[in-house]
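A.B. asks: This one is query20.csv, CSV, C-alpha atoms and all ligand atoms.
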chain,number,residue,atom,x,y,z
C,1,MET,CA,41.9,167.0,-41.3
C,2,SER,CA,42.4,168.5,-44.7
C,3,THR,CA,41.5,166.5,-47.8
C,4,ALA,CA,43.7,168.6,-50.0
C,5,LYS,CA,45.5,166.4,-52.5
C,6,LYS,CA,49.1,167.4,-53.2
C,7,SER,CA,50.2,165.8,-56.4
C,8,ASN,CA,53.7,164.3,-56.5
C,9,ILE,CA,54.8,166.7,-59.2
C,10,SER,CA,58.1,168.2,-57.8
C,11,ARG,CA,57.7,171.6,-59.7
C,12,ILE,CA,54.7,173.1,-61.4
C,13,THR,CA,55.4,174.5,-64.8
C,14,THR,CA,53.2,176.0,-67.5
C,15,HIS,CA,53.2,172.7,-69.3
C,16,VAL,CA,52.0,171.0,-66.1
C,17,LEU,CA,49.1,173.4,-66.0
C,18,GLN,CA,48.2,172.7,-69.6
C,19,GLU,CA,48.2,168.9,-68.8
C,20,MET,CA,46.0,169.6,-65.8
C,21,LYS,CA,43.4,171.3,-68.1
C,22,LEU,CA,43.6,168.4,-70.6
C,23,LYS,CA,43.0,165.9,-67.7
C,24,GLY,CA,40.2,168.0,-66.2
C,25,GLU,CA,42.2,168.5,-63.0
C,26,LYS,CA,41.4,171.8,-61.4
C,27,ILE,CA,44.2,174.3,-60.8
C,28,SER,CA,44.5,176.0,-57.4
C,29,MET,CA,46.0,179.5,-57.2
C,30,LEU,CA,46.4,182.0,-54.3
C,31,THR,CA,48.2,185.3,-53.9
C,32,ALA,CA,51.2,185.8,-51.7
C,33,TYR,CA,53.5,188.8,-51.2
C,34,ASP,CA,56.0,187.8,-48.5
C,35,TYR,CA,58.4,185.0,-47.6
C,36,SER,CA,56.6,183.5,-44.6
C,37,MET,CA,53.1,183.3,-46.1
C,38,ALA,CA,54.5,182.0,-49.4
C,39,LYS,CA,56.4,179.3,-47.5
C,40,ILE,CA,53.2,178.0,-45.9
C,41,ILE,CA,51.1,178.2,-49.0
C,42,ASP,CA,53.7,176.4,-51.1
C,43,ALA,CA,54.2,173.7,-48.5
C,44,SER,CA,50.4,173.2,-48.5
C,45,GLY,CA,50.5,172.2,-52.1
C,46,ILE,CA,49.1,175.1,-54.0
C,47,ASP,CA,49.7,174.9,-57.8
C,48,VAL,CA,50.2,178.6,-58.6
C,49,ILE,CA,51.2,181.6,-56.4
C,50,LEU,CA,50.3,185.0,-57.8
C,51,VAL,CA,52.3,188.0,-56.5
C,52,GLY,CA,49.3,190.2,-57.3
C,53,ASP,CA,49.2,193.9,-57.5
C,54,SER,CA,46.5,193.5,-54.9
C,55,ALA,CA,49.6,194.0,-52.7
C,56,SER,CA,48.8,197.6,-53.2
C,57,ASN,CA,45.5,197.1,-51.3
C,58,VAL,CA,46.3,194.4,-48.7
C,59,MET,CA,49.9,195.1,-48.0
C,60,ALA,CA,50.2,198.9,-48.5
C,61,GLY,CA,46.7,200.0,-47.7
C,62,HIS,CA,46.0,201.8,-51.0
C,63,GLU,CA,42.4,202.1,-52.2
C,64,THR,CA,43.2,200.8,-55.7
C,65,THR,CA,46.0,198.7,-57.3
C,66,LEU,CA,47.2,201.7,-59.3
C,67,PRO,CA,49.9,203.2,-56.9
C,68,ILE,CA,52.1,200.1,-56.5
C,69,THR,CA,55.4,200.5,-58.4
C,70,LEU,CA,57.6,198.0,-60.3
C,71,ASN,CA,60.3,198.2,-57.6
C,72,GLU,CA,57.7,197.3,-54.9
C,73,MET,CA,56.4,194.4,-57.0
C,74,ILE,CA,60.0,193.2,-57.5
C,75,TYR,CA,60.5,193.4,-53.7
C,76,HIS,CA,57.4,191.3,-53.0
C,77,ALA,CA,58.2,188.8,-55.8
C,78,SER,CA,61.8,188.3,-54.6
C,79,SER,CA,60.6,187.6,-51.0
C,80,VAL,CA,58.1,185.0,-52.4
C,81,MET,CA,60.7,183.4,-54.7
C,82,ARG,CA,63.0,182.8,-51.7
C,83,ALA,CA,60.3,180.7,-50.1
C,84,VAL,CA,58.9,178.6,-53.0
C,85,ASP,CA,60.1,175.1,-54.0
C,86,ARG,CA,57.1,173.8,-55.9
C,87,ALA,CA,54.5,176.3,-57.1
C,88,LEU,CA,54.6,178.2,-60.3
C,89,VAL,CA,55.1,181.9,-59.3
C,90,VAL,CA,53.5,184.6,-61.5
C,91,VAL,CA,53.9,188.3,-60.9
C,92,ASP,CA,51.6,191.2,-61.9
C,93,LEU,CA,53.0,193.9,-64.2
C,94,PRO,CA,51.8,197.0,-62.2
C,95,PHE,CA,49.8,199.8,-63.7
C,96,GLY,CA,51.9,202.2,-65.9
C,97,THR,CA,54.6,199.7,-66.8
C,98,TYR,CA,53.2,198.2,-70.0
C,99,GLN,CA,50.2,200.1,-71.3
C,100,GLY,CA,50.8,201.9,-74.6
C,101,ASN,CA,54.5,201.1,-74.9
C,102,SER,CA,55.5,197.5,-75.8
C,103,LYS,CA,59.2,198.3,-75.3
C,104,GLU,CA,58.6,199.5,-71.8
C,105,ALA,CA,56.4,196.4,-71.2
C,106,LEU,CA,59.3,194.1,-72.2
C,107,ASN,CA,61.7,196.0,-70.0
C,108,SER,CA,59.3,195.8,-67.1
C,109,ALA,CA,58.8,192.0,-67.6
C,110,ILE,CA,62.6,191.4,-68.0
C,111,ARG,CA,63.2,193.3,-64.7
C,112,ILE,CA,60.8,191.1,-62.9
C,113,MET,CA,62.2,187.9,-64.4
C,114,LYS,CA,65.8,188.9,-63.8
C,115,GLU,CA,65.6,190.6,-60.4
C,116,ALA,CA,62.9,188.5,-58.7
C,117,GLY,CA,63.6,185.2,-60.6
C,118,SER,CA,59.9,184.6,-61.1
C,119,ASN,CA,58.4,182.0,-63.5
C,120,GLY,CA,56.1,184.4,-65.5
C,121,ILE,CA,54.2,187.6,-65.5
C,122,LYS,CA,50.5,188.6,-65.6
C,123,ILE,CA,49.1,191.5,-67.6
C,124,GLU,CA,45.6,193.0,-67.7
C,125,GLY,CA,43.7,193.5,-70.9
C,126,GLY,CA,43.0,192.2,-74.4
C,127,HIS,CA,43.5,193.7,-77.9
C,128,GLU,CA,44.7,197.1,-76.4
C,129,ILE,CA,47.8,195.5,-74.9
C,130,ILE,CA,48.4,192.7,-77.4
C,131,GLU,CA,51.6,194.3,-78.8
C,132,SER,CA,53.1,194.3,-75.3
C,133,VAL,CA,52.0,190.6,-74.9
C,134,ASP,CA,53.7,189.7,-78.2
C,135,ARG,CA,56.9,191.5,-77.3
C,136,ILE,CA,57.2,189.9,-73.9
C,137,LEU,CA,56.5,186.5,-75.3
C,138,SER,CA,59.1,187.0,-77.9
C,139,ALA,CA,61.7,187.2,-75.1
C,140,GLY,CA,60.6,183.8,-73.9
C,141,ILE,CA,58.8,185.1,-70.9
C,142,PRO,CA,55.6,183.2,-70.0
C,143,VAL,CA,52.5,185.5,-69.9
C,144,MET,CA,49.2,185.0,-68.1
C,145,GLY,CA,46.4,187.2,-69.4
C,146,HIS,CA,43.7,188.8,-67.2
C,147,LEU,CA,40.2,189.7,-68.6
C,148,GLY,CA,36.8,190.7,-67.2
C,149,LEU,CA,37.1,192.9,-64.2
C,150,THR,CA,40.6,194.4,-64.6
C,151,PRO,CA,41.2,196.5,-61.5
C,152,GLN,CA,43.9,198.7,-63.0
C,153,SER,CA,41.1,200.1,-65.3
C,154,ILE,CA,38.8,201.0,-62.3
C,155,HIS,CA,38.8,204.7,-63.2
C,156,LYS,CA,37.6,203.9,-66.7
C,157,PHE,CA,34.8,201.6,-65.5
C,158,GLY,CA,33.9,203.4,-62.3
C,159,THR,CA,32.8,200.3,-60.3
C,160,TYR,CA,33.9,196.9,-59.3
C,161,THR,CA,30.6,195.3,-60.4
C,162,VAL,CA,30.3,192.1,-62.6
C,163,ARG,CA,31.6,192.6,-66.1
C,164,ALA,CA,30.4,191.4,-69.5
C,165,ARG,CA,26.7,190.9,-68.7
C,166,GLN,CA,25.8,192.6,-72.0
C,167,GLU,CA,26.3,190.7,-75.2
C,168,GLU,CA,28.6,193.3,-76.8
C,169,GLU,CA,31.1,193.2,-73.9
C,170,ALA,CA,30.8,189.4,-73.6
C,171,GLU,CA,31.7,189.1,-77.3
C,172,LYS,CA,34.7,191.4,-76.9
C,173,LEU,CA,35.8,189.3,-74.0
C,174,ILE,CA,35.7,186.1,-76.0
C,175,GLU,CA,37.6,187.8,-78.9
C,176,ASP,CA,40.2,189.0,-76.4
C,177,ALA,CA,40.6,185.5,-74.9
C,178,HIS,CA,41.2,184.1,-78.4
C,179,LEU,CA,43.7,186.8,-79.1
C,180,LEU,CA,45.7,186.1,-75.9
C,181,GLU,CA,45.6,182.4,-76.7
C,182,LYS,CA,46.8,182.9,-80.2
C,183,ALA,CA,49.6,185.2,-79.1
C,184,GLY,CA,50.9,182.3,-76.9
C,185,CYS,CA,49.7,183.1,-73.3
C,186,PHE,CA,49.9,180.1,-71.1
C,187,ALA,CA,46.7,180.9,-69.1
C,188,ILE,CA,44.1,183.6,-68.5
C,189,VAL,CA,42.5,184.9,-65.3
C,190,LEU,CA,38.8,185.7,-65.7
C,191,GLU,CA,37.6,188.0,-63.0
C,192,LYS,CA,34.0,188.7,-62.0
C,193,VAL,CA,32.0,187.6,-65.1
C,194,PRO,CA,28.8,185.6,-65.4
C,195,ALA,CA,29.4,181.8,-64.9
C,196,GLU,CA,27.8,180.9,-68.2
C,197,LEU,CA,30.2,183.2,-70.1
C,198,ALA,CA,33.2,181.9,-68.2
C,199,LYS,CA,32.1,178.3,-69.0
C,200,LYS,CA,31.9,179.2,-72.7
C,201,VAL,CA,35.4,180.7,-72.6
C,202,ALA,CA,36.9,177.7,-70.8
C,203,GLU,CA,35.3,175.4,-73.4
C,204,GLU,CA,36.4,177.4,-76.4
C,205,ILE,CA,39.9,178.3,-75.3
C,206,LYS,CA,42.6,175.6,-75.0
C,207,ILE,CA,44.8,177.2,-72.4
C,208,PRO,CA,43.7,177.1,-68.7
C,209,ILE,CA,41.1,179.6,-67.6
C,210,ILE,CA,41.5,180.6,-63.9
C,211,GLY,CA,38.4,182.2,-62.4
C,212,ILE,CA,37.8,184.6,-59.5
C,213,GLY,CA,34.1,185.3,-59.3
C,214,ALA,CA,33.6,183.4,-62.6
C,215,GLY,CA,31.7,180.3,-61.4
C,216,ASN,CA,32.8,176.7,-61.2
C,217,HIS,CA,33.0,175.7,-64.9
C,218,VAL,CA,36.5,177.0,-65.4
C,219,ASP,CA,39.9,175.2,-65.1
C,220,GLY,CA,40.9,176.6,-61.7
C,221,GLN,CA,40.3,179.2,-59.0
C,222,VAL,CA,42.2,182.1,-57.5
C,223,LEU,CA,41.6,184.1,-54.3
C,224,VAL,CA,43.5,186.8,-52.5
C,225,ILE,CA,45.1,185.1,-49.4
C,226,HIS,CA,44.1,188.0,-47.0
C,227,ASP,CA,40.5,187.7,-48.1
C,228,MET,CA,40.2,183.9,-47.9
C,229,LEU,CA,41.9,183.8,-44.5
C,230,GLY,CA,39.6,186.5,-43.1
C,231,ILE,CA,42.4,189.0,-42.4
C,232,THR,CA,40.6,191.6,-44.4
C,233,GLN,CA,37.1,192.3,-43.0
C,234,ASP,CA,35.7,195.1,-45.2
C,235,PHE,CA,35.7,193.2,-48.5
C,236,SER,CA,32.9,190.7,-48.9
C,237,PRO,CA,31.9,190.1,-52.5
C,238,ARG,CA,29.6,187.2,-53.2
C,239,PHE,CA,32.4,185.1,-54.8
C,240,LEU,CA,34.6,185.2,-51.7
C,241,ARG,CA,34.6,182.1,-49.4
C,242,ARG,CA,36.3,182.8,-46.1
C,243,TYR,CA,38.1,179.7,-44.8
C,244,HIS,CA,39.1,181.3,-41.5
C,245,ASN,CA,38.6,184.4,-39.3
C,246,LEU,CA,42.3,185.2,-38.8
C,247,ASN,CA,41.5,188.8,-38.0
C,248,ALA,CA,39.6,187.6,-34.8
C,249,GLU,CA,42.4,185.1,-34.0
C,250,ILE,CA,45.1,187.7,-34.3
C,251,THR,CA,43.1,190.2,-32.3
C,252,GLY,CA,42.6,187.7,-29.5
C,253,SER,CA,46.3,186.7,-29.4
C,254,VAL,CA,47.4,190.4,-29.4
C,255,GLN,CA,45.0,191.2,-26.6
C,256,ALA,CA,46.2,188.3,-24.5
C,257,TYR,CA,49.8,189.4,-25.0
C,258,ILE,CA,48.9,193.0,-24.0
C,259,ASP,CA,47.1,191.7,-20.8
C,260,ASP,CA,50.2,189.5,-19.9
C,261,VAL,CA,52.6,192.4,-20.4
C,262,LYS,CA,50.5,194.8,-18.4
C,263,SER,CA,49.9,192.4,-15.6
C,264,GLY,CA,53.6,191.4,-15.4
C,265,GLU,CA,52.7,187.7,-16.2
C,266,PHE,CA,55.0,187.8,-19.3
C,267,PRO,CA,57.8,186.8,-19.3
C,268,ASN,CA,57.8,184.2,-16.5
C,269,GLU,CA,60.9,182.5,-15.1
C,270,ARG,CA,61.2,179.9,-17.8
C,271,GLU,CA,61.1,182.6,-20.4
C,272,SER,CA,63.9,184.5,-18.7
C,273,TYR,CA,67.7,184.0,-18.7
W,301,LIG,O1,46.2,191.2,-58.0
W,301,LIG,C1,45.5,190.2,-57.8
W,301,LIG,O2,45.5,189.7,-56.6
W,301,LIG,C2,44.8,189.6,-58.9
W,301,LIG,C3,43.9,188.5,-58.6
W,301,LIG,C4,42.6,189.0,-57.9
W,301,LIG,C5,43.5,187.7,-59.7
W,301,LIG,O3,45.0,190.0,-60.0
Let me see whether you can do it: turn the structure in this file into structure tokens.
Ligand code: KIV
C.D. replies:
Amino acid sequence: MSTAKKSNISRITTHVLQEMKLKGEKISMLTAYDYSMAKIIDASGIDVILVGDSASNVMAGHETTLPITLNEMIYHASSVMRAVDRALVVVDLPFGTYQGNSKEALNSAIRIMKEAGSNGIKIEGGHEIIESVDRILSAGIPVMGHLGLTPQSIHKFGTYTVRARQEEEAEKLIEDAHLLEKAGCFAIVLEKVPAELAKKVAEEIKIPIIGIGAGNHVDGQVLVIHDMLGITQDFSPRFLRRYHNLNAEITGSVQAYIDDVKSGEFPNERESY
């Protein structure tokens, strides 16, 4: 039996997350992209659901997160919103909808909030996108930052290896975290950085720091649902803990169904009208 503790808070807000950090209570976050999965995850007691642009990989089969469009993100986010009663739902602004143009960034964020009805948006980067962050926040839209490995910049970095191992990059990351906090972001995702650096950021920064591949001394953790359930098989970074092998379970069930259809065993009389 699961030991997961579902707090009796009826709706998670950005203020609840801030209180959780103050109390030292860890924040749980997972991705979801469709109604059925979001319904299960929400009912399980997750604190935050991220409609990540990782939908580009796990839902659409693209190699990177770059191709997914704003309309596609709104479609995924709307499906998730129809399922969720309790979790805070945050939606990624996809590549090309906020960089270098803060007016476009605001329009993109407004479309997500208006058309999907989500609770906030997530945006990758630090000082280079701070104008966009300021503008989105000025419209009263909650913003979650994302630093460290930022997959939308994969073509700039060239690899998905651990970021900010060198002092210069680590210092820039800390500066960016301060900038995002000062601007008014409600939380920051820190992806694939050394645990010691993540710890320092979580201690210095007053808003919640949610890690993925950032060690255990942060305020919460996020994983991609397809990875932690073992639906994806070809992605095995060190930080990933697989809680299930759903790929094998689904394969077994599909094969049993094929066998029953081929042998004429399905449907039987009780399954017929
Ligand atoms: O798109 C995504 O799923 C993400 C998480 C990995 C944090 O940004």
A.B. asks: What residues of the protein or nucleic acid chains come within 9 Å of ligand LIG 301 (chain W) when you use all atoms listed in the file? Reply as an MDAnalysis selection string.
C.D. replies: chainID C and resid 29:32 50:57 65 91:92 122:124 146 150:151 189:191 210:212 222:225
A.B. asks: Could you give me, as CSV, every stretch 136-190 of chain C residue with an atom at most 8 Å from stretch 195-209 of chain C, plus its closest atom pair and distance in Å to one decimal, counting all atoms listed in the file, rows ordered by chain then number?
C.D. replies:
residue,atom,partner,partner_atom,distance
C:Ala170,CA,C:Leu197,CA,7.1
C:Ile174,CA,C:Val201,CA,6.4
C:Ala177,CA,C:Ile205,CA,7.2
C:His178,CA,C:Ile205,CA,6.7
C:Glu181,CA,C:Ile207,CA,6.8
C:Cys185,CA,C:Ile207,CA,7.7
C:Phe186,CA,C:Ile207,CA,6.0
C:Ala187,CA,C:Pro208,CA,4.9
C:Ile188,CA,C:Ile209,CA,5.1
C:Val189,CA,C:Ile209,CA,5.9
C:Leu190,CA,C:Ile209,CA,6.8
A.B. asks: Under the rule that only C-alpha atoms are counted, which of C:Ile27, C:Ile68, C:Ala87, C:Ile110 is the nearest residue to C:Ala139?
C.D. replies: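 Once distances to C:Ala139 are computed over only C-alpha atoms, the minimum belongs to C:Ile110.
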A.B. asks: Counting only C-alpha atoms, which residue out of C:Gly96, C:Leu137, C:Asp234, C:Glu128 sits closest to C:Lys172?
C.D. replies: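 Of C:Gly96, C:Leu137, C:Asp234, C:Glu128, the one nearest C:Lys172, counting only C-alpha atoms, is C:Glu128.
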A.B. asks: Please, what distance in Å, to one decimal, runs between atom CA of C:Val80 and atom CA of C:Ile46?
C.D. replies: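 Distance between the two atoms: 13.5 Å.
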A.B. asks: Enter the distance from atom CA of C:Ile121 to atom CA of C:Thr13, in Å, rounded to one decimal.
C.D. replies: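 Atom CA of C:Thr13 lies 13.2 Å from atom CA of C:Ile121.
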A.B. asks: What is the atom CA of C:Glu104-atom CA of C:Ile141 distance in Å, reported with one decimal?
C.D. replies: 14.4 Å
A.B. asks: Which is closest to C:Ala43 among C:Ser10, C:Thr69, C:Gln221, C:Asn119, if we use all atoms listed in the file?
C.D. replies: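 Comparing C:Ser10, C:Thr69, C:Gln221, C:Asn119 against C:Ala43, the winner is C:Ser10.
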A.B. asks: Considering all atoms listed in the file, state which residue in the set C:Lys262, C:His217, C:His127, C:Arg111 is at the smallest distance from C:Leu70.
C.D. replies: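 Nearest candidate to C:Leu70 out of C:Lys262, C:His217, C:His127, C:Arg111: C:Arg111.
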A.B. asks: For C:Ala77, which residue out of C:Glu175, C:Asp34, C:Glu168, C:Asp42 is the nearest one, using only C-alpha atoms?
C.D. replies: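 The answer is C:Asp34, which sits nearest to C:Ala77.
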A.B. asks: Will you model N, CA, C and O atoms for stretch 117-135 of chain C and pass it back as a compact mmCIF listing (two decimals), in the coordinates of the input?
C.D. replies:
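Result went into selection.txt, see below:
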# COMPACT_ATOMS: atom_id res chain seq x y z
N GLY C 117 63.40 186.65 -60.27
CA GLY C 117 63.60 185.20 -60.60
C GLY C 117 62.25 184.49 -60.71
O GLY C 117 62.19 183.28 -60.48
N SER C 118 61.17 185.21 -61.04
CA SER C 118 59.90 184.60 -61.10
C SER C 118 59.70 183.70 -62.35
O SER C 118 60.57 183.70 -63.22
N ASN C 119 58.55 182.99 -62.43
CA ASN C 119 58.40 182.00 -63.50
C ASN C 119 57.50 182.61 -64.67
O ASN C 119 57.32 181.96 -65.70
N GLY C 120 56.95 183.80 -64.48
CA GLY C 120 56.10 184.40 -65.50
C GLY C 120 55.50 185.68 -65.02
O GLY C 120 55.64 186.02 -63.83
N ILE C 121 54.82 186.38 -65.92
CA ILE C 121 54.20 187.60 -65.50
C ILE C 121 52.68 187.58 -65.90
O ILE C 121 52.28 186.80 -66.76
N LYS C 122 51.88 188.42 -65.23
CA LYS C 122 50.50 188.60 -65.60
C LYS C 122 50.23 190.01 -66.01
O LYS C 122 50.85 190.92 -65.48
N ILE C 123 49.33 190.17 -66.96
CA ILE C 123 49.10 191.50 -67.60
C ILE C 123 47.59 191.62 -67.82
O ILE C 123 46.94 190.68 -68.24
N GLU C 124 47.03 192.79 -67.53
CA GLU C 124 45.60 193.00 -67.70
C GLU C 124 45.24 193.55 -69.07
O GLU C 124 45.89 194.50 -69.53
N GLY C 125 44.19 192.98 -69.68
CA GLY C 125 43.70 193.50 -70.90
C GLY C 125 43.75 192.58 -72.09
O GLY C 125 44.34 191.51 -72.00
N GLY C 126 43.11 193.02 -73.21
CA GLY C 126 43.00 192.20 -74.40
C GLY C 126 43.73 192.86 -75.58
O GLY C 126 44.93 193.12 -75.53
N HIS C 127 42.92 193.21 -76.61
CA HIS C 127 43.50 193.70 -77.90
C HIS C 127 44.37 194.96 -77.65
O HIS C 127 45.36 195.18 -78.32
N GLU C 128 43.99 195.78 -76.64
CA GLU C 128 44.70 197.10 -76.40
C GLU C 128 46.14 196.88 -75.93
O GLU C 128 46.94 197.80 -76.03
N ILE C 129 46.45 195.69 -75.41
CA ILE C 129 47.80 195.50 -74.90
C ILE C 129 48.51 194.31 -75.64
O ILE C 129 49.55 193.82 -75.20
N ILE C 130 47.92 193.89 -76.77
CA ILE C 130 48.40 192.70 -77.40
C ILE C 130 49.86 192.85 -77.96
O ILE C 130 50.64 191.89 -77.99
N GLU C 131 50.19 194.09 -78.36
CA GLU C 131 51.60 194.30 -78.80
C GLU C 131 52.57 194.09 -77.70
O GLU C 131 53.63 193.50 -77.92
N SER C 132 52.19 194.51 -76.49
CA SER C 132 53.10 194.30 -75.30
C SER C 132 53.19 192.79 -75.04
O SER C 132 54.27 192.28 -74.76
N VAL C 133 52.04 192.09 -75.13
CA VAL C 133 52.00 190.60 -74.90
C VAL C 133 52.98 189.94 -75.88
O VAL C 133 53.83 189.13 -75.50
N ASP C 134 52.83 190.31 -77.17
CA ASP C 134 53.70 189.70 -78.20
C ASP C 134 55.15 189.92 -77.93
O ASP C 134 55.96 189.00 -78.03
N ARG C 135 55.48 191.14 -77.56
CA ARG C 135 56.90 191.50 -77.30
C ARG C 135 57.47 190.74 -76.14
O ARG C 135 58.59 190.27 -76.17
